[in-house]
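Q: Encoded as structure tokens, here's the structure I'll be asking about.
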Amino acid sequence: MTGNTGSGAAAPVLRLEDVSRVHGRGAAEVHALRGVDLEVHPGELVAVMGPSGSGKSTLLTLAGGLDTPTSGRVLVEGRPLGDLSRKRLAAVRRRAVGYVFQDYNLIPALTAAENISLPRELDGASARAARREALAALEELGLADLADRFPDEMSGGQQQRVAIARALIGDRRLVLADEPTGALDSTTGEAVLAVLRARCDAGAAAMMVTHEARHAAWADRVVFLRDGSVVDEAGAAPAESLLAGAARDGSGPVGR
Amino acid sequence: MSIRHGLLALLDQGPRYGYQLRSEFEARTGATWPLNVGQVYTTLGRLERDGLVEPSGEDDEGHVFYAVTEKGRAELRSWFGSPVSRDDPPRDELAIKLAMAVTVPGVDVREVVQAQRRHSIRALQDCTRLKARAMAEGAADSDGDLAWLLVLDQMIFRTEAEVRWLDHCESRLARHRPAAAAAPAATGPRAEPGPEPEPEPHGSFRRRGTRPRRA
């Protein structure tokens, strides 16, 4: 019940066990996912790549408890989502999981700080405490100046970084991102990924769906989906020739 | 060639000696294309022969300095002013490998594609890690570090393009499969009458217009 069995730092924040999802039935049956096993640990950013229709988005919605698997289990911080009552599932979705979508999904009538503090207030935090946390989050992302701006007064990149701040406020340790850089130009998209990366380096766990290799490359692991199955994985065994070359040249800008 | 012009560009900022040129070249490009001192001196020799640089004294330790000449400056300006030619693309081993793979019976082309994609993504991760570190250290603040970031970006975009091309190859292969599956007969040296089931992509080079194609 408590879900906090010790503070095993290595326990996965997200775990998918033999997860399958079938849409429709009979002749119209579509196997969106077939027996997927996947773990995302604290501090880890995992990218999921695959062509359209390979099951990327299904994977993300299942991981976030927005959909339920046909078979298999999804565990968030050790809790099988399938065992939870509707109410408790909603609480997990609200407290443990943050979502970042391609189109930001900020509420237009609220300022950046209000957008970020909203989930905390829904959790029952006082307005003042929630605002304090929101300001701290903005500060950390270098967006302190934007606290009182409305979404339509911010650039796309700024909105997306605010969305990441919102996805991570409170105790959320899992971020699920669906093409988070989709509508952004390359340098702005990069800034957003750098933020996501930094949050993972600080201990969050994130799973990001993308079809762009350049973005997936920010991840520790890249999982390839084809027709609903994980077909391959590119791990994070650090660095072949490049890092070796950089390490050799101690005076260079990347010497450290 | 790029080393030649790279050295000219460095010398344009003031006289330097060989070893200095080598380390500055590598600092700008993050040691991506390592130079040995021998190459630097050979190139300096040719530049001098062509009148683009000239010796300009020695220091106490006997380092021979070189300075760019007026002709060298003109050459450098013309280099910056003209695009790098793409008319004669270098041979690409991967393109050749895939071109061969689709014609050689018994090769699992999808596996060739995936093995390459795995490798390329790994390389992309390495570059991205270097870039994240450079960005975190505020690299964009100095010109030399900015140069290194640009070089890293180039490697990243090039590798990304390769991965996108591999994705595209894969989907083309998937669509192509029925034709290929039709001929898995016991393959002797000439069991198949040549791989020509897909006329458009090849044909578009030579035989334009035989089939009106409108988007």
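Residues are referred to by chain and number: the chain letter is A, B, ... according to the order shown in the structure tokens, the number counts from 1 in that chain, and ligands are numbered separately from 1 in the order shown.
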According to DSSP computed on the backbone, where in range 103-132 of chain B is there alpha helix (DSSP H)? Give the residues as an MDAnalysis selection string.
A: chainID B and resid 109:132
Q: Using only C-alpha atoms, find the residues of chain B whose closest atom to chain A is at most 6 Å away, then write them as a list in words.
A: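 Listing them in order of chain and number gives Ala27, Arg118, Leu124, Gln125, Asp126 and Glu160 of chain B.
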Q: Hey, what's within 8 Å of Val37 in chain B if we count only C-alpha atoms and toss same-chain stuff fewer than 4 positions away? As a list in words, please?
A: Gly18, Tyr19, Arg22 and Tyr41 of chain B
Q: Since we have the selection now, will you write its residues out, keeping all heavy atoms, as a PDB file, in the first residue's frame?
A:
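Wrote it out as selection.pdb, contents follow:
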```
ATOM      1  N   GLY B  18      54.398  25.977 -36.564  1.00  0.00           N
ATOM      2  CA  GLY B  18      53.710  24.721 -36.881  1.00  0.00           C
ATOM      3  C   GLY B  18      52.924  24.090 -35.757  1.00  0.00           C
ATOM      4  O   GLY B  18      51.745  23.759 -35.917  1.00  0.00           O
ATOM      5  N   TYR B  19      53.558  23.933 -34.612  1.00  0.00           N
ATOM      6  CA  TYR B  19      52.893  23.227 -33.537  1.00  0.00           C
ATOM      7  C   TYR B  19      51.666  23.998 -33.047  1.00  0.00           C
ATOM      8  O   TYR B  19      50.616  23.428 -32.755  1.00  0.00           O
ATOM      9  CB  TYR B  19      53.868  22.980 -32.383  1.00  0.00           C
ATOM     10  CG  TYR B  19      53.291  22.040 -31.360  1.00  0.00           C
ATOM     11  CD1 TYR B  19      53.334  20.662 -31.566  1.00  0.00           C
ATOM     12  CD2 TYR B  19      52.671  22.532 -30.215  1.00  0.00           C
ATOM     13  CE1 TYR B  19      52.757  19.798 -30.651  1.00  0.00           C
ATOM     14  CE2 TYR B  19      52.098  21.680 -29.296  1.00  0.00           C
ATOM     15  CZ  TYR B  19      52.150  20.308 -29.513  1.00  0.00           C
ATOM     16  OH  TYR B  19      51.573  19.459 -28.614  1.00  0.00           O
ATOM     17  N   ARG B  22      48.794  23.460 -35.358  1.00  0.00           N
ATOM     18  CA  ARG B  22      48.181  22.153 -35.146  1.00  0.00           C
ATOM     19  C   ARG B  22      47.228  22.196 -33.958  1.00  0.00           C
ATOM     20  O   ARG B  22      46.087  21.754 -34.030  1.00  0.00           O
ATOM     21  CB  ARG B  22      49.266  21.113 -34.899  1.00  0.00           C
ATOM     22  CG  ARG B  22      48.716  19.729 -34.827  1.00  0.00           C
ATOM     23  CD  ARG B  22      49.643  18.772 -34.138  1.00  0.00           C
ATOM     24  NE  ARG B  22      48.859  18.048 -33.168  1.00  0.00           N
ATOM     25  CZ  ARG B  22      49.356  17.197 -32.303  1.00  0.00           C
ATOM     26  NH1 ARG B  22      50.639  16.987 -32.255  1.00  0.00           N
ATOM     27  NH2 ARG B  22      48.574  16.577 -31.482  1.00  0.00           N
ATOM     28  N   TYR B  41      53.575  20.808 -41.437  1.00  0.00           N
ATOM     29  CA  TYR B  41      54.764  21.364 -42.092  1.00  0.00           C
ATOM     30  C   TYR B  41      54.753  21.115 -43.588  1.00  0.00           C
ATOM     31  O   TYR B  41      55.165  21.974 -44.372  1.00  0.00           O
ATOM     32  CB  TYR B  41      56.032  20.826 -41.424  1.00  0.00           C
ATOM     33  CG  TYR B  41      56.309  21.553 -40.127  1.00  0.00           C
ATOM     34  CD1 TYR B  41      56.150  20.939 -38.893  1.00  0.00           C
ATOM     35  CD2 TYR B  41      56.672  22.908 -40.148  1.00  0.00           C
ATOM     36  CE1 TYR B  41      56.368  21.629 -37.714  1.00  0.00           C
ATOM     37  CE2 TYR B  41      56.875  23.607 -38.973  1.00  0.00           C
ATOM     38  CZ  TYR B  41      56.724  22.959 -37.749  1.00  0.00           C
ATOM     39  OH  TYR B  41      56.925  23.663 -36.600  1.00  0.00           O
TER      40      TYR B  41
END
```
Q: Based on the backbone DSSP call, show me all residues of range 4-204 of chain B assigned strand (DSSP E or B), as a ChimeraX atom specification.
A: /B:16-17,53-58,64-68
Q: If you count only C-alpha atoms, which residues fall within 8 Å of range 58-70 of chain B, apart from same-chain ones fewer than 3 positions away, as number ranges by chain?
A: B: 8, 11-12, 14-18, 51-55, 73-74
Q: Generate a file of the selected residues that holds N, CA, C and O atoms, formatted as a short mmCIF file (atom, residue, chain, number, x, y, z; two decimals), in the first residue's frame.
A:
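Final file, result-v9.cif:
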```cif
data_model
loop_
_atom_site.label_atom_id
_atom_site.label_comp_id
_atom_site.auth_asym_id
_atom_site.auth_seq_id
_atom_site.Cartn_x
_atom_site.Cartn_y
_atom_site.Cartn_z
N LEU B 8 45.53 28.67 -43.48
CA LEU B 8 45.50 30.07 -43.93
C LEU B 8 44.61 30.91 -43.02
O LEU B 8 44.95 32.03 -42.64
N LEU B 11 46.40 31.60 -39.82
CA LEU B 11 47.50 32.54 -40.02
C LEU B 11 47.00 33.95 -40.29
O LEU B 11 47.70 34.93 -40.04
N ASP B 12 45.79 34.04 -40.80
CA ASP B 12 45.20 35.35 -41.06
C ASP B 12 45.05 36.13 -39.76
O ASP B 12 44.93 37.35 -39.76
N GLY B 14 47.34 36.24 -37.50
CA GLY B 14 48.67 36.59 -37.00
C GLY B 14 49.64 35.45 -37.21
O GLY B 14 49.22 34.30 -37.34
N PRO B 15 50.95 35.74 -37.25
CA PRO B 15 51.96 34.70 -37.50
C PRO B 15 51.95 33.62 -36.41
O PRO B 15 51.68 33.91 -35.25
N ARG B 16 52.17 32.40 -36.84
CA ARG B 16 52.19 31.26 -35.92
C ARG B 16 53.23 30.26 -36.41
O ARG B 16 53.59 30.27 -37.58
N TYR B 17 53.64 29.38 -35.49
CA TYR B 17 54.53 28.30 -35.93
C TYR B 17 53.77 26.98 -35.98
O TYR B 17 52.61 26.89 -35.51
N GLY B 18 54.40 25.98 -36.56
CA GLY B 18 53.71 24.72 -36.88
C GLY B 18 52.92 24.09 -35.76
O GLY B 18 51.75 23.76 -35.92
N GLY B 51 53.39 30.75 -52.68
CA GLY B 51 53.41 32.18 -52.37
C GLY B 51 52.25 32.65 -51.51
O GLY B 51 51.93 33.84 -51.48
N LEU B 52 51.60 31.73 -50.80
CA LEU B 52 50.44 32.11 -49.98
C LEU B 52 50.85 32.43 -48.54
O LEU B 52 50.14 33.15 -47.83
N VAL B 53 51.97 31.87 -48.10
CA VAL B 53 52.52 32.23 -46.79
C VAL B 53 54.01 32.47 -46.96
O VAL B 53 54.61 32.07 -47.97
N GLU B 54 54.60 33.12 -45.92
CA GLU B 54 56.06 33.32 -45.97
C GLU B 54 56.61 33.22 -44.55
O GLU B 54 55.87 33.53 -43.59
N PRO B 55 57.85 32.77 -44.42
CA PRO B 55 58.45 32.69 -43.09
C PRO B 55 58.52 34.09 -42.50
O PRO B 55 58.68 35.06 -43.24
N ARG B 73 45.80 35.92 -48.48
CA ARG B 73 44.54 36.51 -48.02
C ARG B 73 43.48 36.45 -49.10
O ARG B 73 42.32 36.15 -48.84
N ALA B 74 43.91 36.72 -50.32
CA ALA B 74 42.96 36.68 -51.44
C ALA B 74 42.42 35.26 -51.60
O ALA B 74 41.22 35.04 -51.79
#
```
Q: Hey, can you check how far CA of Leu75 in chain A sits from CA of His41 in chain A?
A: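 Result for CA of Leu75 in chain A versus CA of His41 in chain A: 12.0 Å, one decimal.
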Q: Quick check, in Å to one decimal: how far apart do CA of Pro105 in chain B and CA of Glu93 in chain B lie?
A: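 About the pair CA of Pro105 in chain B and CA of Glu93 in chain B: they are 19.4 Å apart.
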Q: Which neighbours of Ser155 in chain A fall inside 12 Å, counting only C-alpha atoms, when residues of the same chain fewer than 3 positions from it are skipped, and could you give them as a VMD selection string?
A: chain A and resid 104 112 143 146 149 to 152 158 to 162 183 to 185 188 to 189
Q: Nearest residue to Ile116 in chain A out of A:Gly35, A:Gly43, A:Gly82, A:Gly98, using only C-alpha atoms?
A: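 The closest residue to Ile116 in chain A is A:Gly98.
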